[in-house]
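Enquirer: Structure below; questions to follow.
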Amino acid sequence: MPIKLATRLGRLGVRVEEGPKRVAVLWHSFFVDSHSWDRVVPVLTRLRTVVLIDGPSFGASDPLTRQATIADCAIATFDVLDSLGIDRVDWVGNGWGGQVGIAAAVEEPRRIRSLVSIGAPTTPLAGRERRDLAAALPFVRLFGFPAPVQVRLLRSIMTERTIAVDAEAVRIVKNGFLSADRRGFVRAARSFVLDRPSLDDAAVAVEAPTVFVAGDSRTGWGPAEAERVTNRMMNARTRTLHGVRNIAPLEDADAVAGIVREHWAANARR
């Protein structure tokens, strides 16, 4: 069961899955909540105690009540870790969570032992994706997510194959946005998606060993874009996942868990 811990962004829902002494933080992608990690947690808890955090307005967390930034999310995570008496962590983030991980590694370099950033663009949202989301938010605030909107979201988040054959993954994704507080969701979307600045320079400043994981079916952020960033970083590399879009921990949990375990093993002495 999640607990709620006070942070500067309100109370955040937190689940702690016990494992060995070292700790990993997992922060999910936008539109979903921490249950999007459920398929990788049993593997990762063989190697770490895992702290799963619901971002503001999602899962068990309180709705966001003000405009905020990716850096605010990073600092709120340190509030959580301080409450739990945890100092250093390995960070694993998907989408939004990968972006928060970059900010965390810049804000408090000493506290981030390693970083795995999965499907997390470092560029601002632009083009049709930005226009579509901006146009949808007033509608979502008033009416929520009717069936046609759900279909469009699912197709932007997962591949057609996953939607067709993986009913559990569809349920997890839909529950993530359907259970979100509407007004909080709109504030979060504006804060962390529409108004997200470039994270390119922040990524270059990351000192922790880093892996950027890019799905080859994601629109606008694939392996080439990830390599553009990792090539400028001091200790980073890119790994490619095939046939996944935005929620790789659901679409290919085995591959994600394997990459994370490999990265942790390579940095076991840190």
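Ordering of the structure tokens sets the chain letters (A, B, ...); residue numbers start at 1 within each chain; ligands are numbered from 1 in the order shown.
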In segment 108-195 of chain A, what's strand (DSSP E) per DSSP? Answer as a list in words?

Expert: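 Of segment 108-195 of chain A, the ones in strand (DSSP E) are Ile112, Arg113, Ser114, Leu115, Val116, Ser117 and Ile118 of chain A.
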
Enquirer: Could you build a table of the residues in segment 157-244 of chain A lying no more than 9 Å from segment 117-122 of chain A, giving for each the nearest pair of atoms and their separation in Å rounded to one decimal place, using only C-alpha atoms, ordered by chain and ascending residue number, as a Markdown table?

Expert:
| residue | atom | partner | partner_atom | distance |
| --- | --- | --- | --- | --- |
| A:Pro197 | CA | A:Thr122 | CA | 8.2 |
| A:Ser198 | CA | A:Thr122 | CA | 5.7 |
| A:Leu199 | CA | A:Thr122 | CA | 4.6 |
| A:Asp200 | CA | A:Thr122 | CA | 5.5 |
| A:Asp201 | CA | A:Thr122 | CA | 8.9 |
| A:Ala202 | CA | A:Thr122 | CA | 8.8 |
| A:Ala203 | CA | A:Thr122 | CA | 7.7 |
| A:Thr210 | CA | A:Ser117 | CA | 7.5 |
| A:Val211 | CA | A:Ser117 | CA | 6.2 |
| A:Phe212 | CA | A:Ser117 | CA | 4.9 |
| A:Val213 | CA | A:Ile118 | CA | 4.5 |
| A:Ala214 | CA | A:Gly119 | CA | 5.1 |
| A:Gly215 | CA | A:Gly119 | CA | 6.5 |
| A:Arg218 | CA | A:Gly119 | CA | 7.9 |
| A:Gly220 | CA | A:Pro121 | CA | 8.4 |
| A:Trp221 | CA | A:Pro121 | CA | 6.0 |
| A:Gly222 | CA | A:Gly119 | CA | 7.8 |
| A:Glu225 | CA | A:Pro121 | CA | 8.2 |
| A:Ala226 | CA | A:Pro121 | CA | 7.7 |
| A:Val229 | CA | A:Thr122 | CA | 8.1 |

Enquirer: My list of candidates is A:Leu52, A:Met158, A:Val32, A:Ala205. Which is closest to Gly243 of chain A when distances are computed with only C-alpha atoms?

Expert: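 Of A:Leu52, A:Met158, A:Val32, A:Ala205, the one nearest Gly243 of chain A, counting only C-alpha atoms, is A:Met158.
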
Enquirer: Please report as a tab-separated table every residue of segment 88-117 of chain A lying within 7 Å of segment 14-30 of chain A, along with the nearest atom pair and their distance in Å (one decimal), using only C-alpha atoms.

Expert:
residue	atom	partner	partner_atom	distance
A:Val89	CA	A:Ala24	CA	5.1
A:Asp90	CA	A:Ala24	CA	4.5
A:Trp91	CA	A:Val25	CA	5.0
A:Val92	CA	A:Leu26	CA	5.0
A:Gly93	CA	A:Trp27	CA	4.9
A:Asn94	CA	A:Ser29	CA	4.9
A:Gly95	CA	A:Ser29	CA	4.4
A:Trp96	CA	A:Ser29	CA	4.7
A:Gly97	CA	A:Trp27	CA	4.4

Enquirer: Take the residues just selected and output them with C-alpha atoms as a PDB file, in the first residue's frame.

Expert:
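Output below, filename result-v7.pdb:
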ATOM      1  CA  VAL A  89      20.036   6.180  -4.926  1.00  0.00           C
ATOM      2  CA  ASP A  90      20.140   4.741  -8.393  1.00  0.00           C
ATOM      3  CA  TRP A  91      17.541   6.555 -10.509  1.00  0.00           C
ATOM      4  CA  VAL A  92      15.378   4.841 -13.118  1.00  0.00           C
ATOM      5  CA  GLY A  93      12.900   7.071 -14.929  1.00  0.00           C
ATOM      6  CA  ASN A  94      10.536   6.619 -17.842  1.00  0.00           C
ATOM      7  CA  GLY A  95       9.594   9.687 -19.901  1.00  0.00           C
ATOM      8  CA  TRP A  96       8.762  12.362 -17.333  1.00  0.00           C
ATOM      9  CA  GLY A  97      10.641  10.301 -14.761  1.00  0.00           C
TER      10      GLY A  97
END

Enquirer: Calculated over only C-alpha atoms, which of the candidates A:Leu154, A:Val100, A:Ile247, A:Leu125 has the smallest distance to Val170 of chain A?

Expert: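 Going through A:Leu154, A:Val100, A:Ile247, A:Leu125 one by one, the smallest distance to Val170 of chain A is for A:Leu154.
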